[in-house]
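Visitor: What follows is work38.txt; its format and atoms are compact mmCIF, C-alpha atoms.
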# COMPACT_ATOMS: atom_id res chain seq x y z
CA MET F 113 37.55 -50.00 -41.71
CA ALA F 114 40.23 -47.85 -40.15
CA THR F 115 39.32 -46.21 -36.90
CA ARG F 116 40.43 -42.74 -35.89
CA ARG F 117 42.78 -44.34 -33.33
CA GLY F 118 44.24 -46.69 -35.93
CA PHE F 119 44.76 -43.91 -38.42
CA LEU F 120 46.57 -41.75 -35.90
CA GLY F 121 48.82 -44.65 -35.08
CA THR F 122 50.15 -44.71 -38.64
CA VAL F 123 51.34 -41.12 -38.76
CA SER F 124 54.08 -39.27 -37.04
CA ALA F 125 53.47 -37.31 -33.86
CA ALA F 126 53.97 -34.07 -35.75
CA GLY F 127 51.55 -35.17 -38.44
CA ALA F 128 49.00 -36.16 -35.84
CA ALA F 129 49.26 -32.77 -34.19
CA THR F 130 48.73 -31.06 -37.52
CA PHE F 131 45.74 -33.27 -38.26
CA LEU F 132 44.11 -32.55 -34.85
CA THR F 133 44.61 -28.82 -35.20
CA GLN F 134 43.02 -28.79 -38.64
CA THR F 135 40.11 -30.96 -37.45
CA GLN F 136 39.36 -28.75 -34.38
CA ALA F 137 39.52 -25.59 -36.49
CA ALA F 138 37.06 -27.03 -38.96
CA THR F 139 34.71 -28.10 -36.17
CA THR F 140 34.87 -24.66 -34.53
CA ALA F 141 34.29 -22.91 -37.85
CA SER F 142 31.20 -25.00 -38.55
CA ALA F 143 29.77 -24.48 -35.02
CA ALA F 144 30.36 -20.73 -34.83
CA PRO F 145 27.86 -19.71 -37.52
CA ALA F 146 25.19 -21.87 -35.87
CA ALA F 147 25.65 -20.23 -32.45
CA THR F 148 25.69 -16.77 -34.01
CA ASP F 149 22.59 -17.50 -36.02
CA GLU F 150 20.74 -18.76 -32.94
CA LYS F 151 21.58 -15.65 -30.91
CA ALA F 152 20.57 -13.37 -33.77
CA ALA F 153 17.30 -15.24 -34.13
CA ARG F 154 16.52 -15.03 -30.44
CA ASP F 155 17.44 -11.35 -30.33
CA ALA F 156 15.08 -10.76 -33.24
CA ILE F 157 12.32 -12.47 -31.27
CA ARG F 158 13.08 -10.32 -28.20
CA ASN F 159 12.90 -7.23 -30.37
CA VAL F 160 9.24 -7.96 -31.05
CA ASN F 161 8.45 -7.53 -27.35
CA ALA F 162 10.70 -4.49 -27.11
CA GLY F 163 8.83 -2.92 -30.01
CA MET F 164 5.49 -3.72 -28.40
CA ARG F 165 6.59 -2.14 -25.14
CA ALA F 166 7.82 0.99 -26.88
CA ASN F 167 4.48 1.38 -28.70
CA TYR F 168 2.58 0.62 -25.50
CA ALA F 169 4.55 3.24 -23.55
CA SER F 170 4.01 5.81 -26.29
CA LEU F 171 0.26 5.27 -26.25
CA LYS F 172 0.22 5.46 -22.45
CA ALA F 173 2.19 8.71 -22.37
CA GLU F 174 -0.24 10.35 -24.78
CA LEU F 175 -3.30 8.91 -23.06
CA VAL F 176 -2.28 10.50 -19.74
CA LYS F 177 -3.04 13.90 -21.30
CA HIS F 178 -6.62 12.84 -22.07
CA LEU F 179 -7.67 11.19 -18.79
CA SER F 180 -10.72 13.06 -17.49
CA PRO F 181 -12.25 13.54 -15.03
CA VAL F 182 -9.96 12.04 -12.40
CA VAL F 183 -9.56 12.49 -8.65
CA VAL F 184 -6.18 11.47 -7.23
CA VAL F 185 -6.16 10.71 -3.51
CA GLN F 186 -2.95 10.74 -1.48
CA ASN F 187 -3.30 9.32 2.02
CA ASN F 188 -1.47 11.49 4.53
CA ALA F 189 -1.39 12.47 8.20
CA VAL F 190 -4.12 15.10 7.82
CA GLY F 191 -6.80 12.86 6.33
CA GLY F 192 -5.90 12.87 2.66
CA ARG F 193 -4.90 15.21 -0.17
CA PHE F 194 -7.31 15.30 -3.10
CA THR F 195 -6.52 16.56 -6.61
CA LEU F 196 -9.17 17.06 -9.30
CA ILE F 197 -8.01 16.71 -12.92
CA ASN F 198 -10.34 17.69 -15.75
CA ASN F 199 -9.54 17.81 -19.45
CA GLY F 200 -5.88 17.19 -18.67
CA VAL F 201 -5.64 20.15 -16.29
CA GLN F 202 -5.13 20.02 -12.52
CA VAL F 203 -8.12 22.04 -11.36
CA GLU F 204 -7.54 22.01 -7.60
CA THR F 205 -5.62 20.27 -4.82
CA VAL F 206 -7.26 20.24 -1.38
CA ASP F 207 -6.68 18.83 2.11
CA PRO F 208 -10.39 18.75 2.97
CA VAL F 209 -10.47 17.01 6.35
CA PRO F 210 -10.99 19.19 9.47
CA GLU F 211 -7.93 19.64 11.68
CA TYR F 212 -9.29 17.67 14.62
CA PHE F 213 -8.81 14.47 12.53
CA GLU F 214 -5.04 14.95 12.79
CA LEU F 215 -5.20 15.99 16.45
CA ALA F 216 -7.36 13.03 17.51
CA LYS F 217 -5.09 10.55 15.72
CA SER F 218 -1.95 12.19 17.10
CA ILE F 219 -2.94 11.41 20.69
CA ALA F 220 -4.39 8.01 19.76
CA HIS F 221 -0.89 7.07 18.55
CA VAL F 222 0.66 7.48 22.02
CA PRO F 223 0.68 3.74 22.89
CA LEU F 224 2.34 3.00 19.54
CA GLY F 225 4.91 5.68 20.29
CA ILE F 226 5.81 3.98 23.57
CA TYR F 227 5.87 0.56 21.94
CA SER F 228 8.26 1.84 19.28
CA VAL F 229 10.78 2.79 22.00
CA ILE F 230 10.57 -0.34 24.12
CA ALA F 231 9.90 -3.07 21.53
CA ALA F 232 13.54 -3.86 20.79
CA TYR F 233 14.15 -4.39 24.53
CA LEU F 234 11.29 -6.86 25.10
CA SER F 235 11.92 -10.44 26.07
CA ASP F 236 12.01 -12.60 22.96
CA GLN F 237 9.69 -15.09 24.63
CA VAL F 238 5.91 -14.78 24.33
CA PRO F 239 4.51 -14.56 27.87
CA ASN F 240 1.32 -16.19 29.12
CA ILE F 241 -1.12 -13.49 28.05
CA PRO F 242 -4.64 -13.80 26.58
CA ASN F 243 -3.52 -13.06 23.02
CA ALA F 244 -0.30 -15.09 23.16
CA ASP F 245 -1.37 -17.39 20.34
CA ARG F 246 -1.73 -14.37 18.04
CA ILE F 247 1.92 -13.32 18.42
CA ASP F 248 4.33 -15.06 16.07
CA PRO F 249 7.35 -16.10 18.23
CA HIS F 250 9.71 -15.61 15.29
CA ASP F 251 8.36 -12.09 14.66
CA LEU F 252 8.87 -11.25 18.33
CA ASP F 253 12.37 -12.70 18.27
CA MET F 254 13.28 -10.41 15.37
CA VAL F 255 11.70 -7.31 16.93
CA ALA F 256 13.27 -7.89 20.37
CA PHE F 257 16.83 -7.64 19.07
CA LYS F 258 18.47 -5.85 22.02
CA THR F 259 20.56 -7.69 24.59
CA PRO F 260 18.59 -8.65 27.73
CA GLY F 261 19.13 -6.09 30.49
CA ASP F 262 20.07 -3.27 28.08
CA LYS F 263 18.77 0.05 29.47
CA GLY F 264 19.03 2.00 26.24
CA TRP F 265 15.26 2.55 26.22
CA ILE F 266 15.23 4.86 29.25
CA THR F 267 16.62 8.03 27.62
CA PRO F 268 14.40 8.03 24.50
CA LEU F 269 11.36 7.11 26.58
CA ASN F 270 11.98 10.02 28.97
CA SER F 271 12.32 12.28 25.93
CA PHE F 272 8.97 11.07 24.62
CA ARG F 273 7.46 11.67 28.06
CA THR F 274 8.54 15.32 27.82
CA THR F 275 6.68 15.56 24.52
CA LEU F 276 3.59 13.99 26.09
CA ASN F 277 3.71 16.32 29.08
CA SER F 278 3.85 19.38 26.83
CA ALA F 279 0.72 18.22 24.99
CA TYR F 280 -0.98 17.38 28.30
CA THR F 281 -0.23 20.83 29.76
CA LYS F 282 -1.45 22.73 26.71
CA LEU F 283 -4.42 20.52 25.91
CA PRO F 284 -7.05 22.76 27.62
CA THR F 285 -6.21 25.64 25.27
CA ALA F 286 -6.45 23.56 22.08
CA ASN F 287 -10.20 24.25 21.89
CA LEU F 288 -11.17 20.63 21.21
CA PRO F 289 -14.67 19.20 21.67
CA LEU F 290 -15.09 18.26 25.34
CA ASP F 291 -15.35 14.50 24.79
CA LEU F 292 -12.22 14.54 22.64
CA GLU F 293 -10.33 16.64 25.18
CA ASN F 294 -11.29 14.21 27.95
CA SER F 295 -10.16 11.15 25.99
CA CYS F 296 -6.86 12.82 25.09
CA THR F 297 -6.33 13.74 28.74
CA LYS F 298 -6.85 10.13 29.79
CA ILE F 299 -4.45 8.75 27.18
CA LEU F 300 -1.70 11.24 27.99
CA SER F 301 -1.98 10.94 31.78
CA GLU F 302 -1.99 7.12 31.75
CA ALA F 303 0.96 7.08 29.35
CA MET F 304 3.06 9.31 31.57
CA LYS F 305 2.10 7.24 34.59
CA PHE F 306 3.22 4.04 32.82
CA ILE F 307 6.51 5.62 31.75
CA ASP F 308 7.24 6.89 35.26
CA THR F 309 6.57 3.45 36.71
CA ILE F 310 8.84 1.47 34.39
CA VAL F 311 11.62 4.07 34.40
CA LYS F 312 11.67 4.03 38.20
CA ALA F 313 11.79 0.22 38.17
CA GLN F 314 14.22 0.26 35.22
CA SER F 315 12.37 -2.71 33.80
CA PHE F 316 9.16 -3.60 32.00
CA ASP F 317 7.50 -6.55 30.34
CA MET F 318 4.77 -7.26 27.84
CA VAL F 319 2.23 -7.96 30.57
CA ALA F 320 2.65 -4.47 32.07
CA TYR F 321 2.47 -2.82 28.67
CA ASN F 322 -0.67 -4.79 27.74
CA ARG F 323 -2.30 -3.62 30.97
CA PHE F 324 -1.52 0.01 30.14
CA ALA F 325 -2.77 -0.38 26.55
CA ALA F 326 -6.04 -1.93 27.73
CA THR F 327 -6.58 0.96 30.16
CA VAL F 328 -6.40 3.64 27.45
CA TYR F 329 -8.15 1.70 24.69
CA PRO F 330 -11.68 3.04 25.43
CA SER F 331 -10.30 6.57 25.12
CA ILE F 332 -8.56 5.64 21.86
CA ARG F 333 -11.93 4.50 20.51
CA VAL F 334 -13.34 7.95 21.28
CA ASN F 335 -10.52 9.55 19.31
CA MET F 336 -11.13 7.14 16.43
CA THR F 337 -14.79 8.13 16.33
CA PHE F 338 -13.91 11.83 16.12
CA ALA F 339 -11.29 11.18 13.44
CA ALA F 340 -13.71 9.13 11.32
CA THR F 341 -16.42 11.77 11.60
CA ALA F 342 -13.98 14.49 10.55
CA GLN F 343 -12.81 12.50 7.54
CA ILE F 344 -16.31 11.63 6.34
CA THR F 345 -17.45 15.23 6.69
CA GLY F 346 -14.47 16.72 4.90
CA ILE F 347 -14.34 14.28 1.97
CA GLU F 348 -18.06 14.18 1.27
CA THR F 349 -18.32 17.97 1.39
CA LEU F 350 -15.51 18.28 -1.15
CA MET F 351 -16.99 15.63 -3.43
CA LYS F 352 -20.34 17.44 -3.43
CA ARG F 353 -18.65 20.65 -4.51
CA TRP F 354 -16.66 18.99 -7.28
CA ARG F 355 -19.72 17.11 -8.49
CA THR F 356 -21.56 20.39 -8.89
CA LEU F 357 -18.53 21.90 -10.64
CA LEU F 358 -18.23 19.10 -13.22
CA GLY F 359 -21.90 18.36 -13.75
CA GLU F 360 -23.72 15.04 -13.59
CA ALA F 361 -22.68 13.76 -17.02
CA ALA F 362 -18.95 14.16 -16.38
CA TRP F 363 -19.20 12.97 -12.78
CA SER F 364 -20.84 9.72 -13.87
CA ASP F 365 -17.59 8.80 -15.68
CA LEU F 366 -15.28 9.87 -12.85
CA TYR F 367 -12.17 7.80 -12.16
CA VAL F 368 -10.63 7.91 -8.67
CA THR F 369 -7.14 6.62 -7.90
CA VAL F 370 -6.24 6.16 -4.23
CA LEU F 371 -2.54 5.83 -3.40
CA SER F 372 -1.72 4.12 -0.13
CA ILE F 373 0.93 1.98 1.49
CA TRP F 374 0.31 -1.76 1.72
CA THR F 375 -0.70 -1.67 5.39
CA THR F 376 -3.70 0.59 4.65
CA SER F 377 -4.64 -0.64 1.17
CA ASP F 378 -7.43 -3.03 2.21
CA LEU F 379 -10.57 -1.18 3.29
CA ASN F 380 -8.75 2.12 2.89
CA GLN F 381 -10.70 4.83 4.69
CA ALA F 382 -10.64 7.28 1.77
CA SER F 383 -11.88 4.58 -0.60
CA ILE F 384 -14.74 3.65 1.73
CA ILE F 385 -15.95 7.23 1.87
CA ILE F 386 -15.40 8.30 -1.72
CA ARG F 387 -16.94 5.23 -3.36
CA ARG F 388 -20.39 6.29 -2.10
CA THR F 389 -20.08 9.60 -3.94
CA MET F 390 -19.43 7.95 -7.33
CA ASN F 391 -21.62 6.45 -10.05
CA GLN F 392 -22.57 3.15 -8.42
CA ALA F 393 -22.85 1.39 -11.78
CA LYS F 394 -19.15 2.08 -12.46
CA VAL F 395 -17.57 2.36 -9.03
CA ASP F 396 -16.13 -1.17 -9.01
CA THR F 397 -14.14 -0.44 -12.17
CA HIS F 398 -13.53 3.31 -11.72
CA LEU F 399 -12.29 3.37 -8.11
CA ILE F 400 -8.67 2.22 -8.30
CA ASP F 401 -6.66 1.44 -5.16
CA LEU F 402 -2.91 1.68 -5.84
CA PRO F 403 -0.84 0.23 -2.96
CA THR F 404 2.74 1.50 -3.12
CA VAL F 405 5.92 0.40 -1.37
CA GLU F 406 6.44 3.97 -0.23
CA THR F 407 4.93 7.35 -1.03
CA PRO F 408 6.14 8.28 -4.53
CA SER F 409 7.96 11.55 -5.13
CA ASP F 410 5.34 12.54 -7.72
CA PRO F 411 2.09 10.88 -6.62
CA ILE F 412 -0.07 12.46 -9.31
CA ALA F 413 2.24 11.31 -12.12
CA VAL F 414 2.29 7.77 -10.67
CA ALA F 415 -1.50 7.73 -10.31
CA LEU F 416 -2.11 8.94 -13.87
CA ASP F 417 0.49 6.58 -15.34
CA ASN F 418 -1.20 3.61 -13.68
CA LEU F 419 -4.67 4.82 -14.62
CA ALA F 420 -3.62 5.25 -18.27
CA ARG F 421 -2.40 1.65 -18.28
CA ILE F 422 -5.71 0.49 -16.81
CA VAL F 423 -7.84 2.46 -19.27
CA GLN F 424 -5.94 1.37 -22.38
CA ASP F 425 -5.93 -2.25 -21.16
CA ASN F 426 -9.72 -2.09 -20.74
CA VAL F 427 -10.11 -1.54 -24.47
CA ALA F 428 -7.19 -3.78 -25.46
CA ALA F 429 -8.66 -6.69 -23.50
CA GLU F 430 -11.87 -6.72 -25.53
CA MET F 431 -10.03 -6.34 -28.84
CA VAL F 432 -7.13 -8.74 -28.33
CA PHE F 433 -9.00 -11.46 -26.42
CA ASN F 434 -12.46 -11.13 -27.96
CA THR F 435 -12.71 -14.93 -28.21
CA ASP F 436 -11.82 -15.62 -24.57
CA LEU F 437 -13.63 -13.32 -22.15
CA LYS F 438 -12.01 -14.90 -19.10
CA VAL F 439 -8.56 -13.92 -20.35
CA ALA F 440 -9.95 -10.52 -21.33
CA ASP F 441 -11.12 -10.01 -17.76
CA ALA F 442 -7.65 -10.92 -16.52
CA LEU F 443 -6.06 -8.22 -18.69
CA LYS F 444 -8.64 -5.70 -17.45
CA GLY F 445 -8.11 -6.64 -13.80
CA LYS F 446 -5.37 -7.47 -11.32
CA GLU F 447 -4.65 -11.00 -12.57
CA ASP F 448 -1.54 -11.87 -14.51
CA LEU F 449 -2.50 -13.37 -17.85
CA LEU F 450 -0.63 -16.58 -17.02
CA SER F 451 -2.12 -17.00 -13.56
CA ASP F 452 -5.01 -19.24 -14.61
CA GLU F 453 -2.74 -21.45 -16.73
CA ILE F 454 -0.21 -21.74 -13.90
CA LEU F 455 -2.95 -22.60 -11.40
CA GLN F 456 -4.16 -25.37 -13.71
CA GLN F 457 -0.67 -26.80 -14.07
CA VAL F 458 0.17 -26.72 -10.36
CA GLY F 459 -3.28 -27.87 -9.33
CA GLY F 460 -4.00 -24.80 -7.23
CA THR F 461 -6.91 -22.44 -6.83
CA ALA F 462 -7.04 -18.67 -6.65
CA PRO F 463 -7.19 -17.31 -3.07
CA ALA F 464 -10.51 -15.88 -2.02
CA ALA F 465 -10.61 -12.09 -1.98
CA LYS F 466 -10.41 -10.85 1.60
CA THR F 467 -12.68 -7.92 0.87
CA ALA F 468 -15.19 -9.46 -1.53
CA ALA F 469 -18.12 -7.97 0.36
CA PHE F 470 -16.46 -4.58 0.82
CA GLY F 471 -18.00 -2.90 -2.22
CA ALA F 472 -21.57 -3.86 -1.45
CA ALA F 473 -21.26 -3.12 2.26
CA ALA F 474 -19.66 0.28 1.72
CA ALA F 475 -22.13 1.25 -0.95
CA ALA F 476 -25.11 0.28 1.19
CA ALA F 477 -23.88 2.02 4.33
CA THR F 478 -25.62 5.17 5.45
CA CYS F 479 -23.38 8.13 6.13
CA PRO F 480 -23.68 9.22 9.80
CA ILE F 481 -23.03 12.81 8.76
CA THR F 482 -25.27 13.27 5.72
CA GLY F 483 -27.75 10.46 6.28
CA GLN F 484 -27.37 9.51 2.61
CA THR F 485 -26.68 6.15 1.04
CA ALA F 486 -24.26 5.61 -1.84
CA SER F 487 -24.45 9.20 -3.07
CA VAL F 488 -23.75 12.81 -2.19
Do you think you could lay out the structure here as structure tokens?

Guide:
Amino acid sequence: MATRRGFLGTVSAAGAATFLTQTQAATTASAAPAATDEKAARDAIRNVNAGMRANYASLKAELVKHLSPVVVVQNNAVGGRFTLINNGVQVETVDPVPEYFELAKSIAHVPLGIYSVIAAYLSDQVPNIPNADRIDPHDLDMVAFKTPGDKGWITPLNSFRTTLNSAYTKLPTANLPLDLENSCTKILSEAMKFIDTIVKAQSFDMVAYNRFAATVYPSIRVNMTFAATAQITGIETLMKRWRTLLGEAAWSDLYVTVLSIWTTSDLNQASIIIRRTMNQAKVDTHLIDLPTVETPSDPIAVALDNLARIVQDNVAAEMVFNTDLKVADALKGKEDLLSDEILQQVGGTAPAAKTAAFGAAAAAATCPITGQTASV
């Protein structure tokens, strides 16, 4: 039987070239339809998901108009902005927390303000301090990115001291409760003293800063107490008013969406307070915390878009996965549908929820302002 090599050896070079060209063309022609067919088939499969997503988005967009009643909470510097939506209409937007919440927190942030100026100039070595084992050396190395001996911190720190001194001078005329005024006075005076000391020495270290922070911490706790009291009072008073406005039947179905950044999403203060004003039989499914990377430009639209997805998934879960309630629960919750399957394949287990006891503890807590438990 003649091999391909043997056959080529019997023909001229020109004939061989012609033969090879014809053979390659035939091979390419036969392969091309197969590749094209495969791509077309796979694109057709992808189009199924694209069609699903288009239908899903259309349903969600229409559902947004029918979400009711809903309270959207935006965490902000003044204790939170609350918007009530009923029958698709924004009824009212309120910043309900008394002003001394913002004032108490403003002065409580003084040590953080100083830290923010000096942190980049710290030594990148963790010193021998009581909490040394709690400081990640790599984190510190990244934060302390300035060259050792750099004095660039002095000018901005002196500028911050001027701001502190202005608040200190005018504090007596701010008409704050006496205990709050005294704690603010202590924080401001100790901060200016610390700044003066390290500016004069033109040096500082973590040990000196820790000593300053420990000195003002009791006063910071006083400010925290006042801020918490203000927030509880303001939010619960507003929720009482809105509950009366809507009536008990509508209020029992209330959804609340709380937008926050990641660093305040666990045990968010607004969520702790507002959950006690809701229908306790539904609060675990109707109070939705939405951590965001940053504050969205249209918080209400983002909140309603996410809530619409949650609500339509609640019904979809029971219809699509009616034979597997565990998967249905995943679609209704925060789990990805593939998470359980992936955990089984990699031999892992789901991490325990850090705030598993949060709901029960918050619901059972008695409000120090109203004396009520889990209701308004």

Visitor: Measuring atom to atom with only C-alpha atoms, identify which of F:Ala146, F:Gln314, F:Trp265, F:Val414 is nearest to Ala231 of chain F.

Guide: F:Trp265

Visitor: For Leu269 of chain F, find every residue with an atom within 9 Å (counting all atoms listed in the file), except residues of its own chain fewer than 2 positions away, and show them as a list in words.

Guide: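 Everything that qualifies: Ile226, Val229, Ile230, Trp265, Ile266, Thr267, Ser271, Phe272, Arg273, Thr274, Ile307 and Val311 of chain F.
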
Visitor: Name the closest residue to Val427 of chain F among the candidates F:Ala393, F:Ala362, F:Ala440, F:Leu300; distances are taken between atoms, counting all atoms listed in the file.

Guide: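 Closest to Val427 of chain F of all the choices is F:Ala440.
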
Visitor: I'd like the interatomic distance between atom CA of Leu252 of chain F and atom CA of Asn270 of chain F, to a tenth of an Å.

Guide: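 Separation of atom CA of Leu252 of chain F and atom CA of Asn270 of chain F: 24.0 Å.
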
Visitor: Have a look at F:Ser301, F:Arg165, F:Ala428, F:Gln186 and name the one nearest to Thr404 of chain F; count all atoms listed in the file.

Guide: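 Nearest candidate to Thr404 of chain F out of F:Ser301, F:Arg165, F:Ala428, F:Gln186: F:Gln186.
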
Visitor: From the list F:Ala232, F:Val405, F:Val458, F:Ala244, which residue is nearest Lys258 of chain F when using all atoms listed in the file?

Guide: F:Ala232

Visitor: As an exercise, work out the distance from atom CA of Ser180 of chain F to atom CA of Gly200 of chain F in Å and give it to one decimal place.

Guide: 6.5 Å

Visitor: Could you give me the axis-aligned bounding box of segment 431-438 of chain F, with 5 Å of padding per side, as centre plus edge lengths in Å to one decimal, as JSON?

Guide:
{"center_x": -10.4, "center_y": -11.0, "center_z": -24.0, "size_x": 16.5, "size_y": 19.3, "size_z": 19.7}

Visitor: What is the distance between atom CA of Ile310 of chain F and atom CA of Pro249 of chain F, in Å to one decimal?

Guide: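 Computing the Euclidean distance for atom CA of Ile310 of chain F and atom CA of Pro249 of chain F yields 23.9 Å.
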
Visitor: Select, counting only C-alpha atoms, all protein, DNA and RNA residues no farther than 12 Å from (-3.3, 2.7, 5.5) in file coordinates, and express the selection as a list in words.

Guide: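 Residues found, by chain and rising number: Gln186, Asn187, Asn188, Ala189, Gly191, Gly192, Val370, Leu371, Ser372, Ile373, Trp374, Thr375, Thr376, Ser377, Asp378, Leu379, Asn380, Gln381, Ala382, Ser383, Asp401, Leu402, Pro403, Thr404, Val405, Glu406 and Thr407 of chain F.
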
Visitor: Counting all atoms listed in the file, figure out which residue out of F:Leu416, F:Leu437, F:Leu366, F:Leu234 gets nearest to Val395 of chain F.

Guide: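 Using all atoms listed in the file, Val395 of chain F sits closest to F:Leu366.
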
Visitor: Contacts of segment 348-359 of chain F at 7 Å or less, counting all atoms listed in the file, minus same-chain residues fewer than 4 places along, as a list in words?

Guide: Pro208, Ile344, Trp363, Thr389 and Val488 of chain F

Visitor: If we count all atoms listed in the file, what is near segment 334-338 of chain F at a cut-off of 12 Å, once residues fewer than 5 positions away on the same chain are taken out, given as a VMD selection string?

Guide: chain F and resid 209 to 222 288 to 299 328 to 329 343 to 345 381 480 to 481

Visitor: Output segment 304-320 of chain F as a PDB file, in the frame of the given file, making sure N, CA, C and O atoms are there.

Guide:
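Saved file selection.pdb follows:
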ATOM      1  N   MET F 304       1.988   8.778  30.733  1.00  0.00           N
ATOM      2  CA  MET F 304       3.060   9.310  31.570  1.00  0.00           C
ATOM      3  C   MET F 304       3.195   8.511  32.859  1.00  0.00           C
ATOM      4  O   MET F 304       4.306   8.278  33.346  1.00  0.00           O
ATOM      5  N   LYS F 305       2.067   8.059  33.385  1.00  0.00           N
ATOM      6  CA  LYS F 305       2.100   7.240  34.590  1.00  0.00           C
ATOM      7  C   LYS F 305       2.837   5.921  34.318  1.00  0.00           C
ATOM      8  O   LYS F 305       3.670   5.474  35.122  1.00  0.00           O
ATOM      9  N   PHE F 306       2.556   5.300  33.192  1.00  0.00           N
ATOM     10  CA  PHE F 306       3.220   4.040  32.820  1.00  0.00           C
ATOM     11  C   PHE F 306       4.718   4.263  32.647  1.00  0.00           C
ATOM     12  O   PHE F 306       5.538   3.480  33.140  1.00  0.00           O
ATOM     13  N   ILE F 307       5.091   5.323  31.961  1.00  0.00           N
ATOM     14  CA  ILE F 307       6.510   5.620  31.750  1.00  0.00           C
ATOM     15  C   ILE F 307       7.228   5.833  33.073  1.00  0.00           C
ATOM     16  O   ILE F 307       8.322   5.292  33.310  1.00  0.00           O
ATOM     17  N   ASP F 308       6.613   6.622  33.952  1.00  0.00           N
ATOM     18  CA  ASP F 308       7.240   6.890  35.260  1.00  0.00           C
ATOM     19  C   ASP F 308       7.467   5.595  36.030  1.00  0.00           C
ATOM     20  O   ASP F 308       8.510   5.414  36.685  1.00  0.00           O
ATOM     21  N   THR F 309       6.487   4.702  35.958  1.00  0.00           N
ATOM     22  CA  THR F 309       6.570   3.450  36.710  1.00  0.00           C
ATOM     23  C   THR F 309       7.720   2.574  36.208  1.00  0.00           C
ATOM     24  O   THR F 309       8.527   2.067  37.003  1.00  0.00           O
ATOM     25  N   ILE F 310       7.817   2.391  34.894  1.00  0.00           N
ATOM     26  CA  ILE F 310       8.840   1.470  34.390  1.00  0.00           C
ATOM     27  C   ILE F 310      10.232   2.101  34.412  1.00  0.00           C
ATOM     28  O   ILE F 310      11.232   1.391  34.555  1.00  0.00           O
ATOM     29  N   VAL F 311      10.306   3.420  34.294  1.00  0.00           N
ATOM     30  CA  VAL F 311      11.620   4.070  34.400  1.00  0.00           C
ATOM     31  C   VAL F 311      12.145   3.963  35.817  1.00  0.00           C
ATOM     32  O   VAL F 311      13.334   3.689  36.044  1.00  0.00           O
ATOM     33  N   LYS F 312      11.266   4.156  36.800  1.00  0.00           N
ATOM     34  CA  LYS F 312      11.670   4.030  38.200  1.00  0.00           C
ATOM     35  C   LYS F 312      12.146   2.603  38.496  1.00  0.00           C
ATOM     36  O   LYS F 312      13.168   2.401  39.178  1.00  0.00           O
ATOM     37  N   ALA F 313      11.417   1.627  37.944  1.00  0.00           N
ATOM     38  CA  ALA F 313      11.790   0.220  38.170  1.00  0.00           C
ATOM     39  C   ALA F 313      12.948  -0.211  37.277  1.00  0.00           C
ATOM     40  O   ALA F 313      13.566  -1.252  37.525  1.00  0.00           O
ATOM     41  N   GLN F 314      13.211   0.587  36.238  1.00  0.00           N
ATOM     42  CA  GLN F 314      14.220   0.260  35.220  1.00  0.00           C
ATOM     43  C   GLN F 314      13.986  -1.104  34.584  1.00  0.00           C
ATOM     44  O   GLN F 314      14.936  -1.816  34.199  1.00  0.00           O
ATOM     45  N   SER F 315      12.739  -1.451  34.459  1.00  0.00           N
ATOM     46  CA  SER F 315      12.370  -2.710  33.800  1.00  0.00           C
ATOM     47  C   SER F 315      10.899  -2.657  33.400  1.00  0.00           C
ATOM     48  O   SER F 315      10.115  -1.865  33.940  1.00  0.00           O
ATOM     49  N   PHE F 316      10.544  -3.499  32.455  1.00  0.00           N
ATOM     50  CA  PHE F 316       9.160  -3.600  32.000  1.00  0.00           C
ATOM     51  C   PHE F 316       8.997  -4.961  31.347  1.00  0.00           C
ATOM     52  O   PHE F 316       9.973  -5.665  31.076  1.00  0.00           O
ATOM     53  N   ASP F 317       7.768  -5.327  31.080  1.00  0.00           N
ATOM     54  CA  ASP F 317       7.500  -6.550  30.340  1.00  0.00           C
ATOM     55  C   ASP F 317       6.232  -6.368  29.526  1.00  0.00           C
ATOM     56  O   ASP F 317       5.538  -5.358  29.641  1.00  0.00           O
ATOM     57  N   MET F 318       5.926  -7.355  28.714  1.00  0.00           N
ATOM     58  CA  MET F 318       4.770  -7.260  27.840  1.00  0.00           C
ATOM     59  C   MET F 318       3.471  -7.231  28.620  1.00  0.00           C
ATOM     60  O   MET F 318       2.498  -6.567  28.229  1.00  0.00           O
ATOM     61  N   VAL F 319       3.444  -7.924  29.749  1.00  0.00           N
ATOM     62  CA  VAL F 319       2.230  -7.960  30.570  1.00  0.00           C
ATOM     63  C   VAL F 319       1.888  -6.563  31.077  1.00  0.00           C
ATOM     64  O   VAL F 319       0.733  -6.119  30.998  1.00  0.00           O
ATOM     65  N   ALA F 320       2.888  -5.826  31.575  1.00  0.00           N
ATOM     66  CA  ALA F 320       2.650  -4.470  32.070  1.00  0.00           C
ATOM     67  C   ALA F 320       2.215  -3.544  30.945  1.00  0.00           C
ATOM     68  O   ALA F 320       1.312  -2.715  31.120  1.00  0.00           O
TER      69      ALA F 320
END
